[in-house]
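Visitor: Pasting target24.txt here (compact mmCIF, C-alpha atoms):
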# COMPACT_ATOMS: atom_id res chain seq x y z
CA GLN A 1 201.44 -66.86 -17.50
CA VAL A 2 200.50 -68.72 -14.34
CA GLN A 3 198.83 -66.85 -11.49
CA LEU A 4 197.71 -68.00 -8.07
CA VAL A 5 195.29 -65.82 -6.14
CA GLU A 6 194.49 -66.64 -2.52
CA SER A 7 191.46 -65.50 -0.57
CA GLY A 8 189.77 -66.21 2.74
CA GLY A 9 192.29 -65.12 5.32
CA GLY A 10 191.34 -62.94 8.25
CA LEU A 11 191.03 -62.56 11.99
CA VAL A 12 189.41 -65.29 14.05
CA GLN A 13 189.14 -66.26 17.68
CA ALA A 14 190.87 -69.41 18.90
CA GLY A 15 188.68 -72.44 18.29
CA GLY A 16 187.12 -70.87 15.22
CA SER A 17 187.34 -71.75 11.56
CA LEU A 18 188.49 -70.22 8.30
CA ARG A 19 188.48 -71.46 4.73
CA LEU A 20 191.24 -70.46 2.35
CA SER A 21 190.84 -70.70 -1.40
CA CYS A 22 193.37 -70.45 -4.19
CA ALA A 23 192.44 -69.92 -7.81
CA VAL A 24 195.05 -71.03 -10.33
CA SER A 25 195.05 -69.60 -13.83
CA GLY A 26 197.36 -70.34 -16.72
CA SER A 27 198.85 -73.50 -18.08
CA ILE A 28 200.03 -76.08 -15.57
CA PHE A 29 201.02 -79.67 -16.29
CA SER A 30 198.07 -81.89 -15.52
CA ARG A 31 200.17 -83.96 -13.10
CA ASN A 32 200.89 -81.56 -10.28
CA VAL A 33 200.84 -81.04 -6.56
CA LYS A 34 198.98 -78.15 -4.98
CA GLY A 35 199.82 -77.16 -1.47
CA TRP A 36 199.46 -74.63 1.30
CA TYR A 37 202.46 -73.32 3.17
CA ARG A 38 202.69 -70.81 5.98
CA GLN A 39 205.26 -68.45 7.37
CA ALA A 40 205.07 -66.88 10.80
CA PRO A 41 207.18 -63.84 11.73
CA GLY A 42 210.78 -64.83 12.31
CA LYS A 43 210.22 -68.38 11.13
CA GLN A 44 210.86 -70.30 7.95
CA ARG A 45 208.11 -71.12 5.52
CA GLU A 46 206.69 -74.56 6.24
CA LEU A 47 204.40 -76.98 4.47
CA VAL A 48 200.91 -77.20 5.93
CA ALA A 49 199.16 -79.58 3.54
CA ALA A 50 199.41 -80.84 -0.02
CA ILE A 51 197.24 -82.67 -2.50
CA THR A 52 198.21 -84.37 -5.74
CA SER A 53 196.28 -84.24 -8.99
CA GLY A 54 195.16 -87.78 -8.15
CA GLY A 55 193.72 -86.66 -4.84
CA SER A 56 196.31 -88.02 -2.40
CA THR A 57 196.78 -85.75 0.59
CA SER A 58 199.47 -85.13 3.16
CA TYR A 59 199.47 -82.96 6.27
CA ALA A 60 201.96 -81.54 8.70
CA ASP A 61 201.63 -83.11 12.13
CA PHE A 62 200.67 -79.79 13.68
CA VAL A 63 197.47 -79.51 11.58
CA ARG A 64 196.47 -83.13 11.07
CA GLY A 65 192.91 -83.65 12.23
CA ARG A 66 192.14 -79.93 12.19
CA PHE A 67 192.78 -78.84 8.60
CA THR A 68 191.48 -80.37 5.38
CA ILE A 69 192.87 -79.71 1.92
CA SER A 70 190.77 -80.23 -1.18
CA ARG A 71 190.97 -79.41 -4.86
CA ASP A 72 188.62 -78.95 -7.77
CA ASN A 73 190.48 -79.93 -10.92
CA ALA A 74 187.74 -78.64 -13.19
CA LYS A 75 187.85 -75.19 -11.61
CA ASN A 76 191.60 -75.36 -10.92
CA THR A 77 191.23 -74.36 -7.32
CA VAL A 78 192.66 -75.64 -4.07
CA ASN A 79 191.09 -75.02 -0.68
CA LEU A 80 192.15 -75.32 2.93
CA GLN A 81 189.46 -75.74 5.57
CA MET A 82 190.94 -74.78 8.91
CA ASN A 83 189.06 -75.78 12.07
CA SER A 84 189.93 -75.56 15.76
CA LEU A 85 192.35 -72.75 15.04
CA LYS A 86 195.03 -71.92 17.59
CA PRO A 87 197.02 -68.72 18.13
CA GLU A 88 200.11 -70.57 16.90
CA ASP A 89 198.39 -70.97 13.52
CA THR A 90 198.85 -67.24 12.99
CA ALA A 91 200.92 -66.76 9.83
CA VAL A 92 200.83 -65.71 6.21
CA TYR A 93 199.47 -68.65 4.23
CA TYR A 94 200.73 -69.22 0.70
CA CYS A 95 199.29 -71.32 -2.08
CA ASN A 96 201.75 -73.27 -4.23
CA VAL A 97 201.55 -75.45 -7.29
CA LYS A 98 204.36 -77.65 -8.58
CA SER A 99 204.38 -79.82 -11.65
CA TRP A 100 205.23 -83.46 -11.06
CA ASP A 101 208.67 -83.04 -12.60
CA ALA A 102 209.28 -79.81 -10.64
CA GLN A 103 209.82 -77.85 -13.85
CA GLN A 104 206.97 -75.56 -12.81
CA ASP A 105 206.79 -74.04 -9.34
CA TYR A 106 204.47 -71.11 -8.65
CA TRP A 107 203.43 -69.19 -5.55
CA GLY A 108 200.57 -66.95 -4.60
CA GLN A 109 200.99 -63.62 -2.88
CA GLY A 110 199.91 -64.90 0.52
CA THR A 111 196.97 -64.25 2.80
CA GLN A 112 197.19 -63.33 6.47
CA VAL A 113 195.57 -65.53 9.09
CA THR A 114 195.49 -64.19 12.62
CA VAL A 115 194.12 -66.23 15.51
CA PHE A 116 193.59 -64.47 18.84
CA SER A 117 192.89 -66.03 22.22
If you convert what's in this file into structure tokens, what do you get?
Guide:
Amino acid sequence: QVQLVESGGGLVQAGGSLRLSCAVSGSIFSRNVKGWYRQAPGKQRELVAAITSGGSTSYADFVRGRFTISRDNAKNTVNLQMNSLKPEDTAVYYCNVKSWDAQQDYWGQGTQVTVFS
């Protein structure tokens, strides 16, 4: 059984930083994409950043240059370093892992990030 457990959310002042971590347990195809999504109240869930098992990264325009995604394949974790946070970054952040063929698609329970001005 695959489980994703996020940690690192919290309350931070605008301009500050947070680091989210996601620990993945269980059997996942070695070729996969790990990503972070977020959902603000009243809005749809949106992709923030993703990283492939080969290390290629992609970012949403609204976080590029401020957030950095990384993964540790040996520890099966994926992290999101968030710098220069803005109030509009406030959302529940979800960790996701998808196998390359999309046969596996798993989500974490989410972690709240609140940025105040």
Visitor: Do you have the CA of Gln13 in chain A-CA of Val115 in chain A distance handy?
Guide: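 CA of Val115 in chain A lies at a distance of 5.4 Å from CA of Gln13 in chain A.
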Visitor: Write out, as CSV, each residue of range 33-56 of chain A that has an atom at most 9 Å from range 69-80 of chain A, together with the closest pair of atoms and their distance in Å to one decimal, counting all atoms listed in the file, rows going by chain and rising number.
Guide:
residue,atom,partner,partner_atom,distance
A:Lys34,CA,A:Val78,CA,6.9
A:Gly35,CA,A:Val78,CA,7.8
A:Trp36,CA,A:Leu80,CA,7.5
A:Ala49,CA,A:Ile69,CA,6.5
A:Ala50,CA,A:Ile69,CA,6.9
A:Ile51,CA,A:Ile69,CA,6.9
A:Thr52,CA,A:Arg71,CA,8.8
A:Ser53,CA,A:Asn73,CA,7.5
A:Gly55,CA,A:Arg71,CA,7.8
Visitor: Which one is closest to Pro87 in chain A: A:Gly54, A:Arg66, A:Asn32, A:Ser117? Count all atoms listed in the file.
Guide: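 Checking each of A:Gly54, A:Arg66, A:Asn32, A:Ser117 against Pro87 in chain A, counting all atoms listed in the file, the winner is A:Ser117.
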Visitor: Counting only C-alpha atoms, which of A:Asn96, A:Thr68, A:Thr111, A:Gln3 gets nearest to Ser84 in chain A?
Guide: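 Smallest separation from Ser84 in chain A among the options: A:Thr68.
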Visitor: Measuring between all atoms listed in the file, which one of A:Ala14, A:Val24, A:Val48, A:Met82 shows the shortest distance to Tyr106 in chain A?
Guide: A:Val24
Visitor: Can you find the residues with an atom no farther than 6 Å from (187.8, -73.3, 9.5), counting only C-alpha atoms, and report them as a list in words?
Guide: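 Protein and nucleic acid residues near the point are Ser17, Leu18, Arg19, Gln81, Met82 and Asn83 of chain A.
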Visitor: May I ask for the distance between CA of Ser30 in chain A and CA of Gln109 in chain A, given in Å to one decimal place?
Guide: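 Between CA of Ser30 in chain A and CA of Gln109 in chain A the gap works out to 22.4 Å.
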Visitor: Just the number, please: distance in Å from CA of Ala40 in chain A to CA of Gly15 in chain A, one decimal.
Guide: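 Computed distance, CA of Ala40 in chain A to CA of Gly15 in chain A, equals 18.9 Å.
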Visitor: Which polymer residues have any atom within 7 Å of an atom of Gly9 in chain A, counting all atoms listed in the file, with same-chain residues fewer than 3 positions away left out, as a PDB file with C-alpha atoms, keeping the file's coordinate frame?
Guide:
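Generated output (around_9.pdb):
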ATOM      1  CA  LEU A  20     191.240 -70.460   2.350  1.00  0.00           C
ATOM      2  CA  THR A 111     196.970 -64.250   2.800  1.00  0.00           C
ATOM      3  CA  GLN A 112     197.190 -63.330   6.470  1.00  0.00           C
ATOM      4  CA  VAL A 113     195.570 -65.530   9.090  1.00  0.00           C
TER       5      VAL A 113
END
Visitor: If we count only C-alpha atoms and set the cut-off at 8 Å, which residues sit around Ser99 in chain A, ignoring sequence neighbours fewer than 4 positions away in its own chain? Please answer as a ChimeraX atom specification.
Guide: /A:28-33,103-105
Visitor: Taking into account all atoms listed in the file, which residue in the set A:Gly108, A:Pro41, A:Gly8, A:Gly16 is nearest to Thr90 in chain A?
Guide: A:Pro41
Visitor: Could you pull range 9-24 of chain A out of the block above and save it with all heavy atoms, as a PDB file, in the first residue's frame?
Guide:
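Listed below is the output, out-v4.pdb:
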ATOM      1  N   GLY A   9       4.323  22.348   6.734  1.00  0.00           N
ATOM      2  CA  GLY A   9       3.463  23.505   6.549  1.00  0.00           C
ATOM      3  C   GLY A   9       3.417  24.347   7.818  1.00  0.00           C
ATOM      4  O   GLY A   9       3.964  23.987   8.854  1.00  0.00           O
ATOM      5  N   GLY A  10       2.757  25.503   7.721  1.00  0.00           N
ATOM      6  CA  GLY A  10       2.633  26.349   8.892  1.00  0.00           C
ATOM      7  C   GLY A  10       2.268  27.767   8.530  1.00  0.00           C
ATOM      8  O   GLY A  10       1.803  28.060   7.421  1.00  0.00           O
ATOM      9  N   LEU A  11       2.511  28.639   9.487  1.00  0.00           N
ATOM     10  CA  LEU A  11       2.175  30.064   9.382  1.00  0.00           C
ATOM     11  C   LEU A  11       3.468  30.855   9.238  1.00  0.00           C
ATOM     12  O   LEU A  11       4.410  30.663  10.023  1.00  0.00           O
ATOM     13  CB  LEU A  11       1.425  30.489  10.647  1.00  0.00           C
ATOM     14  CG  LEU A  11       0.863  31.897  10.732  1.00  0.00           C
ATOM     15  CD1 LEU A  11      -0.250  32.065   9.706  1.00  0.00           C
ATOM     16  CD2 LEU A  11       0.320  32.148  12.137  1.00  0.00           C
ATOM     17  N   VAL A  12       3.515  31.730   8.246  1.00  0.00           N
ATOM     18  CA  VAL A  12       4.741  32.494   8.018  1.00  0.00           C
ATOM     19  C   VAL A  12       4.389  33.879   7.499  1.00  0.00           C
ATOM     20  O   VAL A  12       3.369  34.064   6.816  1.00  0.00           O
ATOM     21  CB  VAL A  12       5.664  31.747   7.021  1.00  0.00           C
ATOM     22  CG1 VAL A  12       5.012  31.644   5.648  1.00  0.00           C
ATOM     23  CG2 VAL A  12       7.029  32.393   6.922  1.00  0.00           C
ATOM     24  N   GLN A  13       5.209  34.832   7.828  1.00  0.00           N
ATOM     25  CA  GLN A  13       5.009  36.193   7.361  1.00  0.00           C
ATOM     26  C   GLN A  13       5.449  36.306   5.902  1.00  0.00           C
ATOM     27  O   GLN A  13       6.351  35.590   5.435  1.00  0.00           O
ATOM     28  CB  GLN A  13       5.806  37.167   8.214  1.00  0.00           C
ATOM     29  CG  GLN A  13       5.464  38.629   7.999  1.00  0.00           C
ATOM     30  CD  GLN A  13       6.093  39.538   9.036  1.00  0.00           C
ATOM     31  OE1 GLN A  13       7.046  39.161   9.722  1.00  0.00           O
ATOM     32  NE2 GLN A  13       5.562  40.739   9.186  1.00  0.00           N
ATOM     33  N   ALA A  14       4.805  37.202   5.178  1.00  0.00           N
ATOM     34  CA  ALA A  14       5.171  37.440   3.785  1.00  0.00           C
ATOM     35  C   ALA A  14       6.660  37.754   3.678  1.00  0.00           C
ATOM     36  O   ALA A  14       7.212  38.505   4.493  1.00  0.00           O
ATOM     37  CB  ALA A  14       4.339  38.580   3.217  1.00  0.00           C
ATOM     38  N   GLY A  15       7.291  37.154   2.668  1.00  0.00           N
ATOM     39  CA  GLY A  15       8.731  37.307   2.499  1.00  0.00           C
ATOM     40  C   GLY A  15       9.535  36.197   3.149  1.00  0.00           C
ATOM     41  O   GLY A  15      10.734  36.056   2.881  1.00  0.00           O
ATOM     42  N   GLY A  16       8.872  35.409   3.976  1.00  0.00           N
ATOM     43  CA  GLY A  16       9.553  34.327   4.670  1.00  0.00           C
ATOM     44  C   GLY A  16       9.644  33.064   3.846  1.00  0.00           C
ATOM     45  O   GLY A  16       9.292  33.040   2.655  1.00  0.00           O
ATOM     46  N   SER A  17      10.118  32.015   4.499  1.00  0.00           N
ATOM     47  CA  SER A  17      10.357  30.740   3.823  1.00  0.00           C
ATOM     48  C   SER A  17       9.770  29.581   4.605  1.00  0.00           C
ATOM     49  O   SER A  17       9.647  29.639   5.832  1.00  0.00           O
ATOM     50  CB  SER A  17      11.865  30.498   3.657  1.00  0.00           C
ATOM     51  OG  SER A  17      12.478  31.494   2.881  1.00  0.00           O
ATOM     52  N   LEU A  18       9.418  28.539   3.882  1.00  0.00           N
ATOM     53  CA  LEU A  18       9.007  27.266   4.454  1.00  0.00           C
ATOM     54  C   LEU A  18       9.557  26.159   3.578  1.00  0.00           C
ATOM     55  O   LEU A  18       9.750  26.353   2.373  1.00  0.00           O
ATOM     56  CB  LEU A  18       7.485  27.136   4.532  1.00  0.00           C
ATOM     57  CG  LEU A  18       6.742  27.864   5.634  1.00  0.00           C
ATOM     58  CD1 LEU A  18       5.234  27.712   5.431  1.00  0.00           C
ATOM     59  CD2 LEU A  18       7.139  27.361   7.009  1.00  0.00           C
ATOM     60  N   ARG A  19       9.741  25.002   4.187  1.00  0.00           N
ATOM     61  CA  ARG A  19      10.185  23.825   3.434  1.00  0.00           C
ATOM     62  C   ARG A  19       9.212  22.688   3.691  1.00  0.00           C
ATOM     63  O   ARG A  19       9.000  22.285   4.838  1.00  0.00           O
ATOM     64  CB  ARG A  19      11.594  23.406   3.859  1.00  0.00           C
ATOM     65  CG  ARG A  19      12.150  22.210   3.092  1.00  0.00           C
ATOM     66  CD  ARG A  19      13.581  21.928   3.541  1.00  0.00           C
ATOM     67  NE  ARG A  19      14.159  20.736   2.944  1.00  0.00           N
ATOM     68  CZ  ARG A  19      14.745  20.717   1.764  1.00  0.00           C
ATOM     69  NH1 ARG A  19      14.844  21.825   1.046  1.00  0.00           N
ATOM     70  NH2 ARG A  19      15.271  19.592   1.277  1.00  0.00           N
ATOM     71  N   LEU A  20       8.600  22.210   2.630  1.00  0.00           N
ATOM     72  CA  LEU A  20       7.685  21.082   2.719  1.00  0.00           C
ATOM     73  C   LEU A  20       8.430  19.807   2.354  1.00  0.00           C
ATOM     74  O   LEU A  20       9.273  19.806   1.451  1.00  0.00           O
ATOM     75  CB  LEU A  20       6.497  21.268   1.780  1.00  0.00           C
ATOM     76  CG  LEU A  20       5.689  22.552   1.940  1.00  0.00           C
ATOM     77  CD1 LEU A  20       4.501  22.526   0.959  1.00  0.00           C
ATOM     78  CD2 LEU A  20       5.197  22.732   3.352  1.00  0.00           C
ATOM     79  N   SER A  21       8.078  18.734   3.054  1.00  0.00           N
ATOM     80  CA  SER A  21       8.652  17.429   2.739  1.00  0.00           C
ATOM     81  C   SER A  21       7.538  16.409   2.602  1.00  0.00           C
ATOM     82  O   SER A  21       6.489  16.530   3.238  1.00  0.00           O
ATOM     83  CB  SER A  21       9.609  16.988   3.846  1.00  0.00           C
ATOM     84  OG  SER A  21      10.743  17.821   3.909  1.00  0.00           O
ATOM     85  N   CYS A  22       7.791  15.428   1.755  1.00  0.00           N
ATOM     86  CA  CYS A  22       6.812  14.360   1.534  1.00  0.00           C
ATOM     87  C   CYS A  22       7.563  13.033   1.517  1.00  0.00           C
ATOM     88  O   CYS A  22       8.461  12.832   0.689  1.00  0.00           O
ATOM     89  CB  CYS A  22       6.084  14.574   0.219  1.00  0.00           C
ATOM     90  SG  CYS A  22       4.951  13.252  -0.232  1.00  0.00           S
ATOM     91  N   ALA A  23       7.177  12.169   2.432  1.00  0.00           N
ATOM     92  CA  ALA A  23       7.779  10.842   2.495  1.00  0.00           C
ATOM     93  C   ALA A  23       6.846   9.848   1.826  1.00  0.00           C
ATOM     94  O   ALA A  23       5.663   9.769   2.178  1.00  0.00           O
ATOM     95  CB  ALA A  23       8.028  10.448   3.943  1.00  0.00           C
ATOM     96  N   VAL A  24       7.381   9.102   0.867  1.00  0.00           N
ATOM     97  CA  VAL A  24       6.589   8.128   0.112  1.00  0.00           C
ATOM     98  C   VAL A  24       6.984   6.726   0.544  1.00  0.00           C
ATOM     99  O   VAL A  24       8.169   6.385   0.528  1.00  0.00           O
ATOM    100  CB  VAL A  24       6.817   8.293  -1.400  1.00  0.00           C
ATOM    101  CG1 VAL A  24       5.962   7.293  -2.186  1.00  0.00           C
ATOM    102  CG2 VAL A  24       6.520   9.708  -1.845  1.00  0.00           C
TER     103      VAL A  24
END
